[in-house]
Each structure stands twice: as structure tokens, then as C-alpha cells.
Amino acid sequence: MEQRDYFEDVYDVVRLIPPGRVTTYGAIARYLSLRAGARMVGWAMNAAHGRDVPAHRVVNRIGVLSGKHFFGSPTAMQDLLAAEGVRVTDDRIEQFDKVLWDPTTELQ
DNA sequence: GAACTGACTCAGC
DNA sequence: GGCTGAGCCAGTT
């Protein structure tokens, strides 16, 4: 049940996401060079739930809040993003290209 | 202990 | 250009 080391790395990257910005599972996976791919990032997020990890800033590659169902309320994730200035319409992030924060490019 | 599933993504058709 | 299949790891059945 113990999470792997890269779980902590994923949490660290997610915590580095600036407010009002979002990133994708694939971007984190590529930044950490996870051979497992985006799926394990999503699994890490599942384990990260309840920790100090802003999982609401992590979405899939098209900017859809695929994990909103895990926030207890269908609009909880959207509300958290809206509180940070990220517009969300129909479970999709508006201007996803602009709010996208890619650690490979931004953080390096 | 094998098979299925999952907060995904890419390549092929 | 939209749909389908395959692949990755871990946890659950």
C-alpha cells in the first residue's frame, strides 16, 4: 500500500503548480520520465487525495475535469478552479492553452 | 493466482 | 478526421 518514490515526486510537481494554472497527467509523467505513463499519475492522484496536493489543478490532456467525480461533489473541482481564476465550462477548462502549466517547459 | 479496472495517452486505421 | 486498440503499473476482485 506504500506509495512509490515517484508518488512523492508527482505530489511535489503538483504542489509547484502556480494558482490559476493547471497541468496534465501526461505532462507530469513526461517531466518525471515515468515509463508507466499518465495512468500512474492518475493513480498517484487517487492516493494523493486527502493530502496537501492540489489535485484539482491536474486534468487530462484536453482540459476536461476527468477527476471531478472524486472530489465528493460534481462541482467541487470546478469551484476550486474558479476560485483561482480558472474558468470552467461544461467540465472543460476555458483557454486551456493559456492556463496550461507544463513543468517540462515552465519548471524545467 | 489470474483477470479486470482505472483521475491517460499515443499510434494506427 | 473520428474511432479503436494497445500499453503502462498498481490495487481490487
# chains A, B, ... in the order shown; residues from 1 in each chain; ligands from 1
$ select_by_dssp --residues "chain A" --states "strand (DSSP E)" --output "list in words"
Thr23, Thr24, Val58, Val59, Val88, Thr89, Arg92 and Ile93 of chain A
$ write_last_selection --atoms "C-alpha atoms" --output "mmCIF file, in the first residue's frame"
data_model
loop_
_atom_site.group_PDB
_atom_site.id
_atom_site.type_symbol
_atom_site.label_atom_id
_atom_site.label_comp_id
_atom_site.auth_asym_id
_atom_site.auth_seq_id
_atom_site.Cartn_x
_atom_site.Cartn_y
_atom_site.Cartn_z
ATOM 1 C CA THR A 23 -1.297 20.811 -15.871
ATOM 2 C CA THR A 24 -1.941 17.427 -17.386
ATOM 3 C CA VAL A 58 -4.426 18.328 -12.737
ATOM 4 C CA VAL A 59 -6.619 17.442 -15.684
ATOM 5 C CA VAL A 88 -14.527 26.045 -16.293
ATOM 6 C CA THR A 89 -17.476 25.443 -18.582
ATOM 7 C CA ARG A 92 -13.851 21.832 -19.530
ATOM 8 C CA ILE A 93 -11.231 24.485 -18.842
#
$ interface_residues --of "chain A" --to "chain C" --cutoff "12 Å" --atoms "only C-alpha atoms (C1' of nucleotides)" --output "list in words"
Met1, Glu2, Gln3, Arg4, Tyr6, Phe7, Ala29, Leu34, Arg35, Ala36, Gly37, Ala38, Arg39, Met40, Val41, Gly42, Trp43, Ala44, Asn46 and Ala47 of chain A
$ write_last_selection --atoms "all heavy atoms" --output "short mmCIF file (atom, residue, chain, number, x, y, z; two decimals), in the first residue's frame"
data_model
loop_
_atom_site.label_atom_id
_atom_site.label_comp_id
_atom_site.auth_asym_id
_atom_site.auth_seq_id
_atom_site.Cartn_x
_atom_site.Cartn_y
_atom_site.Cartn_z
N MET A 1 0.83 -1.20 0.00
CA MET A 1 0.00 0.00 0.00
C MET A 1 0.86 1.25 0.00
O MET A 1 0.42 2.33 -0.27
CB MET A 1 -0.91 -0.01 1.24
CG MET A 1 -1.91 -1.14 1.19
SD MET A 1 -3.23 -0.84 0.07
CE MET A 1 -4.35 0.07 1.14
N GLU A 2 2.16 1.06 0.35
CA GLU A 2 3.06 2.21 0.41
C GLU A 2 3.31 2.75 -0.99
O GLU A 2 3.64 2.00 -1.90
CB GLU A 2 4.39 1.82 1.04
CG GLU A 2 4.22 1.37 2.49
CD GLU A 2 3.73 2.50 3.35
OE1 GLU A 2 4.02 3.67 3.03
OE2 GLU A 2 3.03 2.23 4.35
N GLN A 3 3.15 4.04 -1.13
CA GLN A 3 3.35 4.66 -2.43
C GLN A 3 4.83 4.69 -2.79
O GLN A 3 5.69 4.74 -1.94
CB GLN A 3 2.80 6.08 -2.44
CG GLN A 3 3.48 7.00 -1.45
CD GLN A 3 2.90 6.86 -0.07
OE1 GLN A 3 2.12 5.96 0.19
NE2 GLN A 3 3.27 7.77 0.81
N ARG A 4 5.10 4.61 -4.07
CA ARG A 4 6.48 4.62 -4.54
C ARG A 4 7.07 6.01 -4.40
O ARG A 4 6.42 6.98 -4.08
CB ARG A 4 6.53 4.19 -6.01
CG ARG A 4 6.02 2.78 -6.20
CD ARG A 4 6.83 1.82 -5.33
NE ARG A 4 6.35 0.44 -5.50
CZ ARG A 4 6.69 -0.53 -4.65
NH1 ARG A 4 7.44 -0.26 -3.61
NH2 ARG A 4 6.26 -1.75 -4.86
N TYR A 6 8.17 7.90 -6.74
CA TYR A 6 7.69 8.83 -7.76
C TYR A 6 6.32 9.39 -7.39
O TYR A 6 5.93 10.44 -7.89
CB TYR A 6 7.67 8.18 -9.14
CG TYR A 6 6.74 7.00 -9.29
CD1 TYR A 6 5.39 7.24 -9.51
CD2 TYR A 6 7.21 5.69 -9.21
CE1 TYR A 6 4.52 6.18 -9.66
CE2 TYR A 6 6.35 4.63 -9.35
CZ TYR A 6 5.01 4.87 -9.57
OH TYR A 6 4.14 3.84 -9.72
N PHE A 7 5.63 8.72 -6.50
CA PHE A 7 4.39 9.29 -5.99
C PHE A 7 4.69 10.63 -5.32
O PHE A 7 4.01 11.62 -5.56
CB PHE A 7 3.76 8.33 -4.98
CG PHE A 7 2.80 7.38 -5.61
CD1 PHE A 7 3.13 6.68 -6.76
CD2 PHE A 7 1.55 7.18 -5.05
CE1 PHE A 7 2.24 5.79 -7.34
CE2 PHE A 7 0.65 6.29 -5.63
CZ PHE A 7 0.99 5.59 -6.76
N ALA A 29 3.95 13.08 -16.12
CA ALA A 29 4.59 11.79 -16.40
C ALA A 29 5.84 11.99 -17.25
O ALA A 29 6.87 11.37 -17.02
CB ALA A 29 3.60 10.88 -17.10
N LEU A 34 8.29 9.12 -16.31
CA LEU A 34 7.63 7.91 -15.84
C LEU A 34 7.29 7.01 -17.02
O LEU A 34 6.50 7.36 -17.88
CB LEU A 34 6.34 8.28 -15.09
CG LEU A 34 6.55 9.08 -13.81
CD1 LEU A 34 5.20 9.38 -13.17
CD2 LEU A 34 7.44 8.33 -12.84
N ARG A 35 7.90 5.85 -17.04
CA ARG A 35 7.63 4.91 -18.11
C ARG A 35 6.19 4.41 -18.04
O ARG A 35 5.60 3.98 -19.03
CB ARG A 35 8.60 3.73 -18.01
CG ARG A 35 8.51 2.81 -19.20
CD ARG A 35 9.73 1.92 -19.23
NE ARG A 35 9.86 1.18 -17.97
CZ ARG A 35 9.38 -0.04 -17.79
NH1 ARG A 35 8.76 -0.64 -18.77
NH2 ARG A 35 9.55 -0.66 -16.66
N ALA A 36 5.66 4.46 -16.84
CA ALA A 36 4.28 3.99 -16.64
C ALA A 36 3.29 4.85 -17.40
O ALA A 36 2.22 4.40 -17.77
CB ALA A 36 3.96 3.98 -15.16
N GLY A 37 3.65 6.12 -17.61
CA GLY A 37 2.75 6.99 -18.33
C GLY A 37 1.76 7.70 -17.43
O GLY A 37 1.90 7.73 -16.21
N ALA A 38 0.75 8.27 -18.06
CA ALA A 38 -0.19 9.13 -17.34
C ALA A 38 -1.07 8.34 -16.38
O ALA A 38 -1.57 8.89 -15.41
CB ALA A 38 -1.05 9.87 -18.35
N ARG A 39 -1.26 7.10 -16.63
CA ARG A 39 -2.15 6.31 -15.78
C ARG A 39 -1.69 6.29 -14.35
O ARG A 39 -2.48 6.42 -13.42
CB ARG A 39 -2.23 4.88 -16.31
CG ARG A 39 -3.43 4.68 -17.17
CD ARG A 39 -3.63 3.21 -17.44
NE ARG A 39 -4.29 3.05 -18.71
CZ ARG A 39 -5.57 2.70 -18.79
NH1 ARG A 39 -6.24 2.44 -17.73
NH2 ARG A 39 -6.15 2.61 -19.94
N MET A 40 -0.39 6.11 -14.14
CA MET A 40 0.15 6.07 -12.79
C MET A 40 0.03 7.42 -12.13
O MET A 40 -0.11 7.52 -10.92
CB MET A 40 1.60 5.61 -12.81
CG MET A 40 1.73 4.12 -12.81
SD MET A 40 1.16 3.36 -11.27
CE MET A 40 -0.56 3.06 -11.66
N VAL A 41 0.10 8.48 -12.91
CA VAL A 41 -0.07 9.82 -12.34
C VAL A 41 -1.49 9.95 -11.79
O VAL A 41 -1.70 10.47 -10.70
CB VAL A 41 0.19 10.90 -13.40
CG1 VAL A 41 -0.05 12.29 -12.83
CG2 VAL A 41 1.62 10.79 -13.91
N GLY A 42 -2.44 9.45 -12.55
CA GLY A 42 -3.82 9.46 -12.08
C GLY A 42 -3.98 8.60 -10.83
O GLY A 42 -4.70 8.96 -9.90
N TRP A 43 -3.26 7.49 -10.79
CA TRP A 43 -3.31 6.63 -9.62
C TRP A 43 -2.66 7.33 -8.43
O TRP A 43 -3.12 7.21 -7.29
CB TRP A 43 -2.61 5.31 -9.92
CG TRP A 43 -3.16 4.21 -9.10
CD1 TRP A 43 -2.55 3.57 -8.05
CD2 TRP A 43 -4.45 3.61 -9.22
NE1 TRP A 43 -3.39 2.63 -7.53
CE2 TRP A 43 -4.57 2.62 -8.23
CE3 TRP A 43 -5.54 3.83 -10.06
CZ2 TRP A 43 -5.71 1.85 -8.07
CZ3 TRP A 43 -6.68 3.04 -9.90
CH2 TRP A 43 -6.75 2.07 -8.92
N ALA A 44 -1.60 8.05 -8.69
CA ALA A 44 -0.94 8.81 -7.63
C ALA A 44 -1.87 9.88 -7.10
O ALA A 44 -1.94 10.13 -5.89
CB ALA A 44 0.34 9.45 -8.18
N ASN A 46 -5.03 9.63 -7.02
CA ASN A 46 -6.02 8.93 -6.21
C ASN A 46 -5.50 8.76 -4.79
O ASN A 46 -6.23 8.96 -3.82
CB ASN A 46 -6.30 7.57 -6.85
CG ASN A 46 -7.43 6.87 -6.13
OD1 ASN A 46 -8.14 7.46 -5.33
ND2 ASN A 46 -7.61 5.61 -6.42
N ALA A 47 -4.22 8.40 -4.68
CA ALA A 47 -3.61 8.23 -3.37
C ALA A 47 -3.33 9.59 -2.73
O ALA A 47 -3.24 9.70 -1.51
CB ALA A 47 -2.31 7.44 -3.51
#
$ select_by_dssp --residues "chain A" --states "helix (DSSP H, G or I)" --output "PyMOL selection string"
chain A and resi 5-15+25-31+38-48+55-57+68-71+76-83+96-99+103-107
$ interface_residues --of "chain B" --to "chain A" --cutoff "12 Å" --atoms "only C-alpha atoms (C1' of nucleotides)" --output "JSON, numbers by chain"
{"B": [5, 6, 7, 8, 9, 10]}
$ atom_distance --atom1 "atom CA of A:Glu94" --atom2 "atom CA of A:Phe71"
20.1 Å
$ atom_distance --atom1 "atom CA of A:Arg15" --atom2 "atom CA of A:Val53"
5.8 Å
$ residues_around --residues "A:Asp5" --least-positions-apart "4" --cutoff "12 Å" --atoms "only C-alpha atoms (C1' of nucleotides)" --output "JSON, numbers by chain"
{"A": [9, 10, 11, 12, 32, 34, 44]}
$ decode --residues "chain C" --atoms "all heavy atoms" --output "short mmCIF file (atom, residue, chain, number, x, y, z; two decimals), in the first residue's frame"
data_model
loop_
_atom_site.label_atom_id
_atom_site.label_comp_id
_atom_site.auth_asym_id
_atom_site.auth_seq_id
_atom_site.Cartn_x
_atom_site.Cartn_y
_atom_site.Cartn_z
P DG C 1 -9.63 18.16 -40.02
OP1 DG C 1 -8.72 18.28 -41.02
OP2 DG C 1 -9.90 18.90 -38.89
"O5'" DG C 1 -10.24 16.71 -39.93
"C5'" DG C 1 -11.66 16.55 -40.23
"C4'" DG C 1 -12.09 15.27 -39.54
"O4'" DG C 1 -11.39 14.14 -40.12
"C3'" DG C 1 -11.78 15.23 -38.03
"O3'" DG C 1 -12.86 14.63 -37.35
"C2'" DG C 1 -10.55 14.35 -37.96
"C1'" DG C 1 -10.83 13.35 -39.07
N9 DG C 1 -9.64 12.68 -39.57
C8 DG C 1 -8.40 13.19 -39.76
N7 DG C 1 -7.54 12.32 -40.22
C5 DG C 1 -8.28 11.15 -40.33
C6 DG C 1 -7.91 9.85 -40.77
O6 DG C 1 -6.81 9.47 -41.16
N1 DG C 1 -8.97 8.96 -40.71
C2 DG C 1 -10.23 9.27 -40.31
N2 DG C 1 -11.12 8.30 -40.34
N3 DG C 1 -10.60 10.48 -39.90
C4 DG C 1 -9.57 11.35 -39.92
P DG C 2 -13.28 15.16 -35.93
OP1 DG C 2 -14.19 16.29 -36.06
OP2 DG C 2 -12.02 15.28 -35.15
"O5'" DG C 2 -14.08 13.90 -35.34
"C5'" DG C 2 -15.13 13.32 -36.09
"C4'" DG C 2 -15.08 11.80 -35.98
"O4'" DG C 2 -13.88 11.31 -36.62
"C3'" DG C 2 -15.04 11.30 -34.54
"O3'" DG C 2 -15.98 10.24 -34.39
"C2'" DG C 2 -13.62 10.81 -34.35
"C1'" DG C 2 -13.24 10.38 -35.76
N9 DG C 2 -11.80 10.42 -36.03
C8 DG C 2 -10.95 11.48 -35.85
N7 DG C 2 -9.71 11.23 -36.19
C5 DG C 2 -9.76 9.91 -36.62
C6 DG C 2 -8.72 9.08 -37.12
O6 DG C 2 -7.53 9.34 -37.28
N1 DG C 2 -9.20 7.80 -37.45
C2 DG C 2 -10.49 7.40 -37.31
N2 DG C 2 -10.75 6.14 -37.66
N3 DG C 2 -11.47 8.17 -36.85
C4 DG C 2 -11.03 9.40 -36.54
P DC C 3 -16.25 9.65 -32.90
OP1 DC C 3 -17.71 9.56 -32.70
OP2 DC C 3 -15.42 10.39 -31.92
"O5'" DC C 3 -15.67 8.16 -33.02
"C5'" DC C 3 -16.07 7.34 -34.12
"C4'" DC C 3 -15.22 6.08 -34.19
"O4'" DC C 3 -13.87 6.42 -34.58
"C3'" DC C 3 -15.13 5.33 -32.85
"O3'" DC C 3 -15.39 3.95 -33.07
"C2'" DC C 3 -13.69 5.55 -32.43
"C1'" DC C 3 -12.96 5.75 -33.74
N1 DC C 3 -11.75 6.60 -33.63
C2 DC C 3 -10.51 6.08 -34.03
O2 DC C 3 -10.43 4.92 -34.44
N3 DC C 3 -9.40 6.88 -33.94
C4 DC C 3 -9.51 8.12 -33.49
N4 DC C 3 -8.41 8.86 -33.43
C5 DC C 3 -10.77 8.67 -33.08
C6 DC C 3 -11.86 7.87 -33.16
P DT C 4 -15.54 2.97 -31.81
OP1 DT C 4 -16.66 2.04 -32.06
OP2 DT C 4 -15.51 3.78 -30.58
"O5'" DT C 4 -14.18 2.13 -31.88
"C5'" DT C 4 -13.76 1.61 -33.15
"C4'" DT C 4 -12.45 0.85 -32.98
"O4'" DT C 4 -11.34 1.77 -33.02
"C3'" DT C 4 -12.33 0.07 -31.66
"O3'" DT C 4 -11.86 -1.24 -31.92
"C2'" DT C 4 -11.32 0.87 -30.85
"C1'" DT C 4 -10.48 1.55 -31.92
N1 DT C 4 -9.95 2.88 -31.51
C2 DT C 4 -8.63 3.15 -31.73
O2 DT C 4 -7.86 2.35 -32.23
N3 DT C 4 -8.22 4.41 -31.33
C4 DT C 4 -8.99 5.38 -30.75
O4 DT C 4 -8.50 6.46 -30.44
C5 DT C 4 -10.38 5.03 -30.55
C7 DT C 4 -11.30 6.02 -29.93
C6 DT C 4 -10.79 3.81 -30.94
P DG C 5 -11.69 -2.30 -30.75
OP1 DG C 5 -12.11 -3.63 -31.22
OP2 DG C 5 -12.27 -1.72 -29.52
"O5'" DG C 5 -10.09 -2.31 -30.59
"C5'" DG C 5 -9.28 -2.41 -31.76
"C4'" DG C 5 -7.80 -2.35 -31.38
"O4'" DG C 5 -7.42 -0.99 -31.10
"C3'" DG C 5 -7.45 -3.16 -30.13
"O3'" DG C 5 -6.22 -3.86 -30.34
"C2'" DG C 5 -7.31 -2.11 -29.04
"C1'" DG C 5 -6.82 -0.90 -29.82
N9 DG C 5 -7.22 0.38 -29.23
C8 DG C 5 -8.46 0.73 -28.76
N7 DG C 5 -8.52 1.95 -28.30
C5 DG C 5 -7.24 2.43 -28.46
C6 DG C 5 -6.69 3.70 -28.15
O6 DG C 5 -7.25 4.67 -27.64
N1 DG C 5 -5.34 3.76 -28.49
C2 DG C 5 -4.62 2.75 -29.06
N2 DG C 5 -3.34 3.00 -29.30
N3 DG C 5 -5.12 1.57 -29.36
C4 DG C 5 -6.42 1.48 -29.04
P DA C 6 -5.77 -4.97 -29.30
OP1 DA C 6 -5.43 -6.18 -30.05
OP2 DA C 6 -6.74 -5.03 -28.19
"O5'" DA C 6 -4.42 -4.31 -28.74
"C5'" DA C 6 -3.50 -3.75 -29.66
"C4'" DA C 6 -2.47 -2.89 -28.93
"O4'" DA C 6 -3.07 -1.65 -28.55
"C3'" DA C 6 -1.93 -3.54 -27.65
"O3'" DA C 6 -0.53 -3.37 -27.58
"C2'" DA C 6 -2.63 -2.76 -26.55
"C1'" DA C 6 -2.79 -1.39 -27.19
N9 DA C 6 -3.90 -0.61 -26.64
C8 DA C 6 -5.19 -1.02 -26.43
N7 DA C 6 -5.97 -0.08 -25.93
C5 DA C 6 -5.12 1.01 -25.82
C6 DA C 6 -5.34 2.31 -25.36
N6 DA C 6 -6.51 2.76 -24.91
N1 DA C 6 -4.30 3.16 -25.37
C2 DA C 6 -3.12 2.73 -25.82
N3 DA C 6 -2.79 1.53 -26.28
C4 DA C 6 -3.86 0.70 -26.25
P DG C 7 0.29 -4.28 -26.60
OP1 DG C 7 1.48 -4.80 -27.30
OP2 DG C 7 -0.63 -5.21 -25.91
"O5'" DG C 7 0.80 -3.19 -25.53
"C5'" DG C 7 1.58 -2.08 -25.98
"C4'" DG C 7 1.79 -1.12 -24.81
"O4'" DG C 7 0.59 -0.34 -24.61
"C3'" DG C 7 2.08 -1.85 -23.50
"O3'" DG C 7 3.27 -1.35 -22.91
"C2'" DG C 7 0.89 -1.53 -22.63
"C1'" DG C 7 0.33 -0.25 -23.23
N9 DG C 7 -1.10 -0.10 -23.03
C8 DG C 7 -2.06 -1.06 -23.14
N7 DG C 7 -3.27 -0.62 -22.89
C5 DG C 7 -3.09 0.72 -22.61
C6 DG C 7 -4.02 1.72 -22.27
O6 DG C 7 -5.24 1.61 -22.14
N1 DG C 7 -3.42 2.95 -22.06
C2 DG C 7 -2.08 3.20 -22.17
N2 DG C 7 -1.68 4.43 -21.93
N3 DG C 7 -1.19 2.27 -22.49
C4 DG C 7 -1.76 1.07 -22.69
P DC C 8 4.07 -2.43 -22.00
OP1 DC C 8 5.41 -2.60 -22.58
OP2 DC C 8 3.22 -3.62 -21.72
"O5'" DC C 8 4.22 -1.62 -20.63
"C5'" DC C 8 4.79 -0.32 -20.62
"C4'" DC C 8 4.09 0.60 -19.65
"O4'" DC C 8 2.75 0.84 -20.10
"C3'" DC C 8 3.88 -0.03 -18.26
"O3'" DC C 8 5.02 0.22 -17.45
"C2'" DC C 8 2.70 0.76 -17.73
"C1'" DC C 8 1.97 1.22 -18.99
N1 DC C 8 0.63 0.61 -19.14
C2 DC C 8 -0.48 1.43 -19.18
O2 DC C 8 -0.34 2.64 -19.09
N3 DC C 8 -1.71 0.87 -19.29
C4 DC C 8 -1.85 -0.46 -19.38
N4 DC C 8 -3.06 -0.96 -19.50
C5 DC C 8 -0.71 -1.30 -19.35
C6 DC C 8 0.50 -0.75 -19.23
P DC C 9 5.42 -0.91 -16.43
OP1 DC C 9 6.83 -0.67 -16.10
OP2 DC C 9 4.96 -2.23 -16.89
"O5'" DC C 9 4.51 -0.50 -15.16
"C5'" DC C 9 4.74 0.73 -14.50
"C4'" DC C 9 3.77 0.90 -13.35
"O4'" DC C 9 2.42 0.88 -13.84
"C3'" DC C 9 3.87 -0.20 -12.28
"O3'" DC C 9 3.91 0.38 -11.01
"C2'" DC C 9 2.62 -1.02 -12.49
"C1'" DC C 9 1.64 -0.02 -13.07
N1 DC C 9 0.64 -0.61 -13.97
C2 DC C 9 -0.72 -0.38 -13.73
O2 DC C 9 -1.04 0.31 -12.77
N3 DC C 9 -1.64 -0.91 -14.57
C4 DC C 9 -1.25 -1.65 -15.60
N4 DC C 9 -2.20 -2.14 -16.40
C5 DC C 9 0.13 -1.90 -15.86
C6 DC C 9 1.04 -1.37 -15.03
P DA C 10 4.20 -0.56 -9.74
OP1 DA C 10 5.21 0.11 -8.91
OP2 DA C 10 4.38 -1.95 -10.17
"O5'" DA C 10 2.79 -0.45 -8.98
"C5'" DA C 10 2.16 0.82 -8.89
"C4'" DA C 10 0.74 0.68 -8.37
"O4'" DA C 10 -0.14 0.26 -9.42
"C3'" DA C 10 0.59 -0.35 -7.24
"O3'" DA C 10 -0.27 0.19 -6.25
"C2'" DA C 10 -0.05 -1.54 -7.93
"C1'" DA C 10 -0.89 -0.87 -9.01
N9 DA C 10 -1.13 -1.71 -10.19
C8 DA C 10 -0.21 -2.48 -10.85
N7 DA C 10 -0.71 -3.11 -11.89
C5 DA C 10 -2.04 -2.73 -11.91
C6 DA C 10 -3.11 -3.04 -12.75
N6 DA C 10 -3.00 -3.85 -13.79
N1 DA C 10 -4.31 -2.49 -12.48
C2 DA C 10 -4.42 -1.68 -11.43
N3 DA C 10 -3.48 -1.30 -10.57
C4 DA C 10 -2.31 -1.87 -10.86
P DG C 11 -0.34 -0.45 -4.85
OP1 DG C 11 0.06 0.60 -3.89
OP2 DG C 11 0.34 -1.75 -4.87
"O5'" DG C 11 -1.91 -0.69 -4.68
"C5'" DG C 11 -2.81 0.36 -5.03
"C4'" DG C 11 -4.18 -0.21 -5.33
"O4'" DG C 11 -4.18 -0.88 -6.59
"C3'" DG C 11 -4.68 -1.22 -4.29
"O3'" DG C 11 -6.03 -0.93 -3.97
"C2'" DG C 11 -4.58 -2.55 -5.02
"C1'" DG C 11 -4.80 -2.16 -6.46
N9 DG C 11 -4.20 -3.07 -7.43
C8 DG C 11 -2.91 -3.54 -7.46
N7 DG C 11 -2.67 -4.35 -8.47
C5 DG C 11 -3.87 -4.40 -9.14
C6 DG C 11 -4.23 -5.11 -10.33
O6 DG C 11 -3.53 -5.85 -11.02
N1 DG C 11 -5.56 -4.90 -10.68
C2 DG C 11 -6.42 -4.10 -9.98
N2 DG C 11 -7.66 -4.01 -10.47
N3 DG C 11 -6.11 -3.42 -8.88
C4 DG C 11 -4.82 -3.62 -8.52
P DT C 12 -6.72 -1.75 -2.79
OP1 DT C 12 -7.28 -0.74 -1.88
OP2 DT C 12 -5.80 -2.80 -2.27
"O5'" DT C 12 -7.92 -2.49 -3.56
"C5'" DT C 12 -8.66 -1.79 -4.55
"C4'" DT C 12 -9.50 -2.76 -5.36
"O4'" DT C 12 -8.66 -3.47 -6.29
"C3'" DT C 12 -10.22 -3.82 -4.50
"O3'" DT C 12 -11.58 -3.90 -4.88
"C2'" DT C 12 -9.48 -5.11 -4.85
"C1'" DT C 12 -9.01 -4.84 -6.27
N1 DT C 12 -7.82 -5.63 -6.67
C2 DT C 12 -7.90 -6.38 -7.82
O2 DT C 12 -8.90 -6.42 -8.52
N3 DT C 12 -6.76 -7.07 -8.13
C4 DT C 12 -5.57 -7.09 -7.43
O4 DT C 12 -4.62 -7.77 -7.82
C5 DT C 12 -5.55 -6.29 -6.22
C7 DT C 12 -4.33 -6.23 -5.38
C6 DT C 12 -6.67 -5.60 -5.91
P DT C 13 -12.57 -4.86 -4.05
OP1 DT C 13 -13.84 -4.14 -3.87
OP2 DT C 13 -11.84 -5.40 -2.86
"O5'" DT C 13 -12.82 -6.05 -5.07
"C5'" DT C 13 -13.21 -5.77 -6.41
"C4'" DT C 13 -13.35 -7.08 -7.19
"O4'" DT C 13 -12.05 -7.57 -7.56
"C3'" DT C 13 -14.05 -8.18 -6.42
"O3'" DT C 13 -14.98 -8.86 -7.26
"C2'" DT C 13 -12.92 -9.13 -6.04
"C1'" DT C 13 -11.95 -8.94 -7.18
N1 DT C 13 -10.54 -9.21 -6.81
C2 DT C 13 -9.76 -9.89 -7.70
O2 DT C 13 -10.18 -10.29 -8.76
N3 DT C 13 -8.47 -10.11 -7.30
C4 DT C 13 -7.90 -9.70 -6.12
O4 DT C 13 -6.73 -9.95 -5.87
C5 DT C 13 -8.77 -8.97 -5.22
C7 DT C 13 -8.27 -8.47 -3.91
C6 DT C 13 -10.04 -8.76 -5.62
#
